[in-house]
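**Q** File run.cif below, mmCIF, C-alpha atoms:
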```
data_work
loop_
_atom_site.label_atom_id
_atom_site.label_comp_id
_atom_site.auth_asym_id
_atom_site.auth_seq_id
_atom_site.Cartn_x
_atom_site.Cartn_y
_atom_site.Cartn_z
CA MET A 8 -16.29 19.62 -5.21
CA SER A 9 -12.58 20.38 -5.34
CA GLY A 10 -10.24 18.21 -7.28
CA ILE A 11 -7.17 17.85 -9.40
CA ILE A 12 -6.07 15.84 -12.42
CA GLY A 13 -3.07 13.54 -12.22
CA LYS A 14 -1.22 10.56 -13.59
CA LYS A 15 -0.90 7.19 -11.90
CA ILE A 16 2.77 6.35 -11.26
CA GLY A 17 2.60 3.03 -9.43
CA MET A 18 2.25 1.45 -6.02
CA THR A 19 4.42 1.08 -2.95
CA SER A 20 3.87 0.78 0.79
CA ILE A 21 4.44 3.12 3.71
CA TYR A 22 4.65 2.20 7.39
CA SER A 23 2.34 4.06 9.74
CA ALA A 24 3.50 5.05 13.24
CA ASP A 25 2.06 1.91 14.86
CA GLY A 26 3.93 -0.33 12.44
CA THR A 27 1.18 -1.31 10.02
CA SER A 28 2.22 -1.38 6.39
CA VAL A 29 -0.19 0.72 4.31
CA PRO A 30 -0.29 -0.10 0.59
CA CYS A 31 -0.57 3.13 -1.38
CA THR A 32 -0.72 4.43 -4.92
CA VAL A 33 1.63 7.19 -6.02
CA VAL A 34 -0.13 9.76 -8.20
CA GLU A 35 1.57 12.68 -9.87
CA ALA A 36 -1.20 15.29 -9.37
CA GLY A 37 -0.97 18.60 -11.10
CA PRO A 38 0.16 21.27 -11.54
CA CYS A 39 -3.07 22.17 -13.30
CA VAL A 40 -3.97 25.41 -15.05
CA VAL A 41 -7.34 27.07 -14.59
CA THR A 42 -8.65 27.37 -18.15
CA GLN A 43 -12.18 28.59 -17.44
CA VAL A 44 -14.12 29.92 -14.46
CA LYS A 45 -17.85 29.41 -14.88
CA THR A 46 -20.25 31.62 -12.95
CA VAL A 47 -24.03 31.75 -12.52
CA GLU A 48 -24.22 34.97 -14.55
CA THR A 49 -22.44 33.64 -17.62
CA ASP A 50 -23.05 29.88 -17.54
CA GLY A 51 -25.92 29.30 -15.11
CA TYR A 52 -23.79 27.31 -12.65
CA VAL A 53 -20.52 27.59 -10.75
CA ALA A 54 -17.55 25.50 -11.86
CA VAL A 55 -13.83 25.59 -12.52
CA GLN A 56 -12.17 23.98 -15.52
CA LEU A 57 -8.66 22.62 -15.04
CA ALA A 58 -6.14 21.41 -17.61
CA TYR A 59 -3.31 18.95 -16.99
CA GLY A 60 -0.37 17.46 -18.85
CA ASP A 61 1.51 18.80 -21.85
CA ALA A 62 0.45 17.64 -25.29
CA LYS A 63 1.94 18.29 -28.73
CA GLU A 64 0.61 21.47 -30.27
CA LYS A 65 0.34 19.90 -33.73
CA ASN A 66 -2.02 17.24 -32.41
CA ALA A 67 -4.34 19.64 -30.60
CA PRO A 68 -7.46 21.01 -32.32
CA LYS A 69 -7.25 24.71 -33.17
CA ALA A 70 -10.45 25.41 -31.25
CA LEU A 71 -8.90 23.96 -28.11
CA LEU A 72 -5.70 25.95 -28.61
CA GLY A 73 -7.76 29.11 -28.88
CA HIS A 74 -9.62 28.24 -25.69
CA LEU A 75 -6.35 27.54 -23.85
CA LYS A 76 -4.80 30.73 -25.22
CA LYS A 77 -7.33 32.75 -23.20
CA ALA A 78 -5.81 31.24 -20.05
CA GLY A 79 -2.33 31.95 -21.39
CA THR A 80 -1.28 28.32 -21.64
CA THR A 81 -0.22 25.78 -24.27
CA ALA A 82 -1.71 22.50 -25.52
CA LYS A 83 -2.84 20.17 -22.72
CA ARG A 84 -3.64 16.48 -22.47
CA LYS A 85 -6.85 16.62 -20.44
CA LEU A 86 -9.44 19.20 -19.38
CA VAL A 87 -11.83 18.49 -16.50
CA GLU A 88 -14.53 20.61 -14.93
CA PHE A 89 -15.12 20.63 -11.16
CA LYS A 90 -18.40 22.03 -9.83
CA ASP A 91 -18.31 24.26 -6.73
CA PHE A 92 -14.53 24.39 -6.43
CA ALA A 93 -13.62 25.23 -2.84
CA ASN A 94 -10.65 27.51 -3.59
CA ALA A 95 -11.19 30.97 -5.07
CA VAL A 96 -9.35 30.90 -8.41
CA ASN A 97 -8.82 33.15 -11.40
CA LEU A 98 -8.31 32.34 -15.06
CA GLY A 99 -4.72 31.26 -15.71
CA ASP A 100 -3.92 30.32 -12.10
CA THR A 101 -1.80 27.26 -11.40
CA ILE A 102 -3.28 24.77 -8.95
CA THR A 103 -0.90 22.40 -7.20
CA VAL A 104 -1.70 19.30 -5.18
CA ALA A 105 -0.95 21.01 -1.86
CA ASP A 106 -3.59 23.69 -2.60
CA VAL A 107 -6.35 21.10 -2.80
CA PHE A 108 -5.47 18.13 -0.58
CA LYS A 109 -4.05 17.64 2.89
CA GLU A 110 -2.79 14.52 4.63
CA GLY A 111 -5.52 12.49 6.33
CA GLU A 112 -8.33 13.64 4.03
CA PHE A 113 -10.53 11.22 2.11
CA VAL A 114 -10.66 11.52 -1.67
CA ASP A 115 -12.42 9.81 -4.57
CA ALA A 116 -10.29 8.55 -7.44
CA VAL A 117 -11.74 8.36 -10.96
CA GLY A 118 -9.91 6.50 -13.69
CA THR A 119 -10.35 4.18 -16.65
CA SER A 120 -9.92 0.57 -15.57
CA LYS A 121 -7.53 -1.75 -17.40
CA GLY A 122 -9.12 -3.37 -20.44
CA LYS A 123 -9.42 -7.16 -20.15
CA GLY A 124 -10.88 -7.92 -23.60
CA PHE A 125 -13.73 -10.38 -24.11
CA GLN A 126 -14.19 -12.25 -20.85
CA GLY A 127 -16.57 -14.91 -19.60
CA VAL A 128 -19.13 -14.50 -16.85
CA VAL A 129 -16.86 -15.81 -14.08
CA LYS A 130 -14.35 -12.99 -14.46
CA ARG A 131 -16.81 -10.36 -15.71
CA HIS A 132 -19.66 -10.75 -13.26
CA GLY A 133 -18.20 -12.91 -10.51
CA PHE A 134 -20.32 -15.98 -11.30
CA SER A 135 -19.07 -19.00 -9.40
CA GLY A 136 -19.09 -21.43 -12.33
CA VAL A 137 -20.27 -24.96 -11.81
CA GLY A 138 -18.12 -25.69 -8.80
CA GLY A 139 -17.18 -29.29 -9.41
CA GLN A 140 -15.63 -31.46 -12.05
CA THR A 141 -17.05 -34.80 -11.00
CA HIS A 142 -20.61 -36.22 -10.77
CA GLY A 143 -21.02 -36.39 -14.53
CA GLN A 144 -19.81 -32.83 -15.08
CA HIS A 145 -18.57 -32.60 -18.68
CA ASN A 146 -16.92 -29.42 -20.00
CA ARG A 147 -18.94 -26.46 -18.70
CA GLN A 148 -17.06 -25.47 -15.56
CA ARG A 149 -17.10 -21.70 -16.22
CA HIS A 150 -20.39 -21.40 -18.13
CA PRO A 151 -23.29 -19.12 -17.11
CA GLY A 152 -25.92 -21.87 -16.90
CA SER A 153 -29.53 -21.00 -17.65
CA VAL A 154 -30.34 -17.48 -18.88
CA GLY A 155 -34.08 -17.75 -18.34
CA ALA A 156 -37.23 -19.88 -18.40
CA SER A 157 -38.83 -21.67 -21.37
CA SER A 158 -42.08 -20.98 -23.28
CA PHE A 159 -42.93 -18.25 -20.81
CA PRO A 160 -41.44 -15.67 -21.33
CA SER A 161 -39.90 -17.19 -24.50
CA ARG A 162 -37.15 -14.60 -24.48
CA VAL A 163 -34.12 -13.53 -22.48
CA PHE A 164 -34.68 -10.49 -20.29
CA PRO A 165 -32.70 -7.39 -21.21
CA GLY A 166 -29.76 -6.79 -18.91
CA THR A 167 -29.09 -10.49 -18.22
CA ARG A 168 -25.42 -10.73 -17.33
CA MET A 169 -23.43 -12.47 -20.02
CA ALA A 170 -19.88 -12.66 -21.38
CA GLY A 171 -18.43 -9.63 -23.18
CA ARG A 172 -15.93 -6.82 -23.22
CA THR A 173 -14.55 -6.29 -19.73
CA GLY A 174 -12.66 -3.39 -18.22
CA GLY A 175 -11.82 -0.12 -19.88
CA ASP A 176 -14.71 1.56 -18.05
CA ARG A 177 -14.73 4.77 -16.08
CA VAL A 178 -14.48 3.65 -12.46
CA THR A 179 -14.75 5.71 -9.28
CA ILE A 180 -13.29 4.48 -6.02
CA GLN A 181 -14.60 6.42 -3.05
CA ASN A 182 -13.07 7.38 0.28
CA LEU A 183 -9.40 6.68 -0.20
CA LYS A 184 -7.24 8.21 2.51
CA VAL A 185 -4.47 10.64 1.63
CA ILE A 186 -1.35 9.19 3.23
CA ARG A 187 1.15 11.84 2.17
CA VAL A 188 1.43 14.95 0.03
CA ILE A 189 4.85 15.78 -1.46
CA PRO A 190 4.43 19.29 -2.92
CA GLU A 191 7.99 19.57 -4.29
CA GLN A 192 7.42 16.76 -6.80
CA ASN A 193 3.64 17.29 -7.13
CA LEU A 194 3.07 13.82 -5.69
CA ILE A 195 0.25 12.46 -3.59
CA LEU A 196 0.16 9.05 -1.92
CA ILE A 197 -3.29 7.51 -1.61
CA SER A 198 -4.11 4.49 0.51
CA GLY A 199 -5.14 1.50 -1.59
CA SER A 200 -5.39 1.06 -5.31
CA VAL A 201 -6.62 3.42 -8.01
CA PRO A 202 -8.29 2.29 -11.27
CA GLY A 203 -6.22 2.16 -14.44
CA ALA A 204 -2.79 1.30 -15.73
CA LYS A 205 0.43 3.12 -14.91
CA ASN A 206 0.71 6.51 -16.66
CA SER A 207 -3.06 6.66 -17.11
CA LEU A 208 -4.97 9.77 -16.11
CA VAL A 209 -6.64 9.90 -12.71
CA ILE A 210 -9.07 12.50 -11.41
CA LEU A 211 -8.89 13.05 -7.66
CA GLN A 212 -11.79 14.83 -6.03
CA LYS A 213 -13.28 15.41 -2.59
CA MET B 130 10.80 0.36 -11.09
CA SER B 131 9.88 3.94 -11.79
CA GLU B 132 12.32 6.63 -10.68
CA ILE B 133 9.52 8.41 -8.84
CA ILE B 134 8.65 5.29 -6.85
CA LYS B 135 12.33 4.91 -5.91
CA MET B 136 12.34 8.50 -4.72
CA VAL B 137 9.25 7.93 -2.58
CA GLU B 138 10.82 4.81 -1.09
CA ALA B 139 14.08 6.67 -0.41
CA GLU B 140 12.74 7.88 2.93
CA TYR B 141 13.47 4.41 4.31
CA SER B 142 16.97 4.20 2.80
CA GLU B 143 18.60 5.39 6.03
CA LYS B 144 16.81 2.70 8.05
CA ARG B 145 17.73 0.10 5.43
CA ALA B 146 21.39 1.10 5.57
CA GLY B 147 21.38 0.60 9.36
CA ILE B 148 20.24 -3.04 9.08
CA PRO B 149 23.08 -5.59 8.97
CA ALA B 150 23.30 -7.86 5.92
CA PHE B 151 21.79 -11.28 6.54
CA LYS B 152 20.50 -14.06 4.34
CA SER B 153 18.73 -17.39 4.50
CA GLY B 154 20.49 -19.80 6.83
CA ASP B 155 21.81 -17.13 9.18
CA THR B 156 20.82 -17.15 12.82
CA ILE B 157 19.59 -13.72 13.89
CA ASN B 158 18.14 -12.09 16.96
CA VAL B 159 15.29 -9.67 16.30
CA HIS B 160 14.40 -7.07 18.92
CA VAL B 161 10.70 -6.32 18.51
CA LYS B 162 8.79 -3.54 20.23
CA ILE B 163 5.66 -4.82 21.94
CA ARG B 164 2.96 -2.41 23.10
CA GLU B 165 0.83 -3.49 26.05
CA GLY B 166 -1.65 -0.73 26.81
CA ASN B 167 0.53 2.32 27.29
CA LYS B 168 3.68 0.37 28.13
CA GLU B 169 6.25 -0.51 25.56
CA ARG B 170 8.81 -3.27 25.97
CA ILE B 171 11.31 -5.11 23.80
CA GLN B 172 10.90 -8.80 23.03
CA GLN B 173 13.65 -10.83 21.43
CA PHE B 174 13.07 -13.52 18.85
CA GLN B 175 16.09 -15.61 17.94
CA GLY B 176 16.11 -18.17 15.16
CA THR B 177 17.12 -19.13 11.64
CA VAL B 178 16.19 -16.98 8.67
CA ILE B 179 14.36 -19.24 6.24
CA GLN B 180 13.46 -16.69 3.57
CA ARG B 181 13.57 -13.05 2.52
CA LYS B 182 10.70 -11.89 0.34
CA ASN B 183 10.22 -8.87 -1.96
CA PRO B 184 13.82 -7.65 -1.60
CA ASN B 185 14.65 -3.95 -2.11
CA THR B 186 11.05 -2.81 -1.77
CA ASN B 187 9.26 -1.14 1.12
CA GLY B 188 7.28 -4.32 1.60
CA GLU B 189 10.35 -6.52 2.16
CA THR B 190 9.80 -9.22 4.78
CA PHE B 191 11.83 -12.04 6.27
CA THR B 192 10.79 -15.20 8.08
CA VAL B 193 12.56 -16.45 11.20
CA ARG B 194 12.10 -20.02 12.42
CA LYS B 195 12.95 -21.35 15.83
CA VAL B 196 12.07 -24.48 17.75
CA SER B 197 10.55 -23.63 21.08
CA ASN B 198 9.73 -26.49 23.50
CA SER B 199 9.97 -28.85 20.52
CA VAL B 200 7.34 -26.85 18.65
CA GLY B 201 8.44 -25.08 15.48
CA VAL B 202 7.62 -21.34 15.57
CA GLU B 203 7.89 -19.13 12.50
CA ARG B 204 7.48 -15.39 12.53
CA ILE B 205 7.33 -13.07 9.53
CA PHE B 206 8.74 -9.57 10.09
CA PRO B 207 8.51 -6.57 7.78
CA LEU B 208 12.14 -5.49 7.39
CA LEU B 209 11.50 -1.72 7.57
CA SER B 210 8.78 -1.84 10.23
CA PRO B 211 9.15 0.81 12.96
CA ASN B 212 8.41 -1.98 15.47
CA ILE B 213 11.77 -3.62 14.77
CA GLU B 214 14.24 -2.06 17.17
CA LYS B 215 17.35 -3.96 16.17
CA ILE B 216 18.55 -7.02 14.25
CA GLU B 217 21.69 -8.88 15.41
CA VAL B 218 23.41 -11.52 13.33
CA ILE B 219 24.44 -14.33 15.67
CA ARG B 220 25.80 -16.91 13.25
CA ARG B 221 26.28 -17.15 9.49
CA GLY B 222 25.18 -20.37 7.82
CA VAL B 223 26.05 -22.14 4.59
CA VAL B 224 22.95 -23.09 2.63
CA ARG B 225 22.42 -23.91 -1.02
CA ARG B 226 18.97 -22.43 -1.54
CA ALA B 227 17.16 -19.16 -0.86
CA ARG B 228 14.06 -20.63 0.77
CA LEU B 229 14.73 -23.16 3.51
CA TYR B 230 11.30 -24.78 3.57
CA TYR B 231 12.96 -28.16 3.97
CA LEU B 232 13.74 -27.27 7.59
CA LYS B 233 10.05 -27.48 8.42
CA GLY B 234 10.04 -31.21 8.02
CA LYS B 235 13.25 -31.82 9.94
CA SER B 236 14.13 -31.73 13.60
CA GLY B 237 17.14 -32.25 15.85
CA LYS B 238 20.40 -33.18 14.14
CA ALA B 239 18.80 -33.20 10.67
CA ALA B 240 17.83 -29.54 10.97
CA ARG B 241 21.39 -28.32 11.53
CA ILE B 242 22.95 -25.73 9.25
CA LYS B 243 26.71 -25.70 8.68
CA GLU B 244 28.42 -22.56 9.93
CA ASP B 245 30.08 -20.19 7.46
CA LYS B 246 33.53 -19.74 9.07
CA ARG B 247 34.95 -17.39 6.45
#
```
Is it possible to express this structure as structure tokens?
**A**
Amino acid sequence: MSGIIGKKIGMTSIYSADGTSVPCTVVEAGPCVVTQVKTVETDGYVAVQLAYGDAKEKNAPKALLGHLKKAGTTAKRKLVEFKDFANAVNLGDTITVADVFKEGEFVDAVGTSKGKGFQGVVKRHGFSGVGGQTHGQHNRQRHPGSVGASSFPSRVFPGTRMAGRTGGDRVTIQNLKVIRVIPEQNLILISGSVPGAKNSLVILQK
Amino acid sequence: MSEIIKMVEAEYSEKRAGIPAFKSGDTINVHVKIREGNKERIQQFQGTVIQRKNPNTNGETFTVRKVSNSVGVERIFPLLSPNIEKIEVIRRGVVRRARLYYLKGKSGKAARIKEDKR
């Protein structure tokens, strides 16, 4: 699985040749540094570890700085491992977006969704609510209704969907089409939306 | 808007510069490319601009209204669409609002717009 780490910039739209407007997300992807190459002999599996984004050296743990020093690089914001990386890479190489992705390919985008705080079941789980405000309906339009039966089983089953903290989860969106790759600015345009807020980290993989 | 987004949208700046300035109340003639099988032809749609939406973005659209055989017809065009061959401004109008929804309920003499003779 090849991939790259990036930062979500925002959304715009691009017209395709037949005139349809394609909504797309602009992601600043890479350049990433190869910080570790794992092999079957040393680690038992094949993987490549990439690092993206500059961080302040004073905020980085010393152990991490030592690890990054082996690759000849400075403090980074995020390290991600990709199993079975398609390109042959060496420690310390720089990977750019054009090395990994081409226009027309389908990629998966992984990000942390926007936090929504404590939300009810209508927003959190897509319950439909009560549906009407008349026929004696009082003040429970967006309530979950019954959460189970009575004396049998005398308890609520684990996993019953209820209100709670919403968003802020790791979310993967699969099969998003690459609309454009702009290697000069390390940009990639992906059809559709990508989880997370602007400036949040996004992992693109295929 | 982010500088990077502006840079991505800059690829349409040449096309945007080639479009004449028009606003709500103007009468324009839009030349639209129509594809029928392998053939391509140009269809014209002439009417009053009743709104422009999402200005200065790639998704900018405008709505043109005309009355055809006493039936009101409204068409929404994406401003930067490659299917729009040309836009001609026929007549400039004086209106006091950006969205001319009030024209929908009017017909004949009541639906006139004063010409801007400046």
**Q** Give me the residues of chain A that have any atom at most 8 Å from an atom of chain B; for each, the nearest atom pair and the distance in Å, rounded to one decimal. Use all atoms listed in the file, sort by chain and number, and format it as a tab-separated table.
**A**
```
residue	atom	partner	partner_atom	distance
A:Ile16	CA	B:Ile134	CA	7.4
A:Gly17	CA	B:Ile134	CA	7.0
A:Met18	CA	B:Ile134	CA	7.5
A:Thr19	CA	B:Asn187	CA	6.7
A:Ser20	CA	B:Asn187	CA	5.7
A:Ile21	CA	B:Asn187	CA	6.9
A:Tyr22	CA	B:Ser210	CA	6.4
A:Ala24	CA	B:Pro211	CA	7.1
A:Asp25	CA	B:Pro211	CA	7.4
A:Gly26	CA	B:Pro211	CA	5.4
A:Thr27	CA	B:Ser210	CA	7.6
A:Ser28	CA	B:Gly188	CA	7.6
A:Val33	CA	B:Ile134	CA	7.3
```
**Q** Name every residue that the PyMOL selection byres ((chain B and resi 236) around 12) selects in this structure, writing the answer as a VMD selection string with chains first and numbers rising.
**A** chain B and resid 194 to 197 199 to 201 231 to 235 237 to 242
**Q** Using the chain letters and numbers from the file, give me the residues hit by the PyMOL selection byres ((chain A and resi 60-71) around 12), as a PyMOL selection string.
**A** chain A and resi 11-14+35-40+42+57-59+72-78+80-87+206-209
**Q** Rounded to one decimal place, report the atom CA of Val114 of chain A-atom CA of Val178 of chain A distance in Å.
**A**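 Atom CA of Val178 of chain A lies at a distance of 13.9 Å from atom CA of Val114 of chain A.
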**Q** Figure out the distance between atom CA of Leu211 of chain A and atom CA of Arg172 of chain A, please, to one decimal in Å.
**A** 26.2 Å
**Q** For this file, the PyMOL selection byres ((chain A and resi 200) around 12) selects which residues, as a PyMOL selection string?
**A** chain A and resi 15-20+29-34+115-118+120+178-185+196-199+201-205+209
**Q** Using atom CA of Gln43 of chain A and atom CA of Val107 of chain A as the two end points, give the distance in Å to one decimal.
**A**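 About the pair atom CA of Gln43 of chain A and atom CA of Val107 of chain A: they are 17.4 Å apart.
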**Q** Counting all atoms listed in the file, which of A:Thr173, A:Ser135, A:Asn94, A:Gln212 gets nearest to Lys121 of chain A?
**A**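 Ranking A:Thr173, A:Ser135, A:Asn94, A:Gln212 by distance to Lys121 of chain A, first place goes to A:Thr173.
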**Q** Assuming 8 Å of padding per side, give the centre and edge lengths of the axis-aligned box around every listed atom of segment 145-163 of chain A, in Å to one decimal and as AutoDock Vina command-line options.
**A**
```
--center_x -29.9 --center_y -23.1 --center_z -20.0 --size_x 42.0 --size_y 35.1 --size_z 24.9
```
**Q** If we count all atoms listed in the file and set the cut-off at 9 Å, which residues sit around Gln173 of chain B, ignoring sequence neighbours fewer than 3 positions away in its own chain? Please answer as a PyMOL selection string.
**A** chain B and resi 158-162
**Q** Can you tell me, as a ChimeraX atom specification, what residues are no more than 10 Å from segment 142-157 of chain B when counting all atoms listed in the file, ignoring any on the same chain fewer than 6 positions away?
**A** /B:135-136,174-181,185,187,191-195,208-211,215-229,241-245
**Q** Determine, counting all atoms listed in the file, every residue of protein, DNA or RNA that lies within 7 Å of (-7.1, -8.0, -22.7) in the file coordinates, then give the result as a PyMOL selection string.
**A** chain A and resi 122-124
**Q** Given the choices A:Ala105, A:Val55, A:Val129, A:Ala170, which gets closest to Ile189 of chain A if the distance is worked out from only C-alpha atoms?
**A**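 Counting only C-alpha atoms, the residue closest to Ile189 of chain A is A:Ala105.
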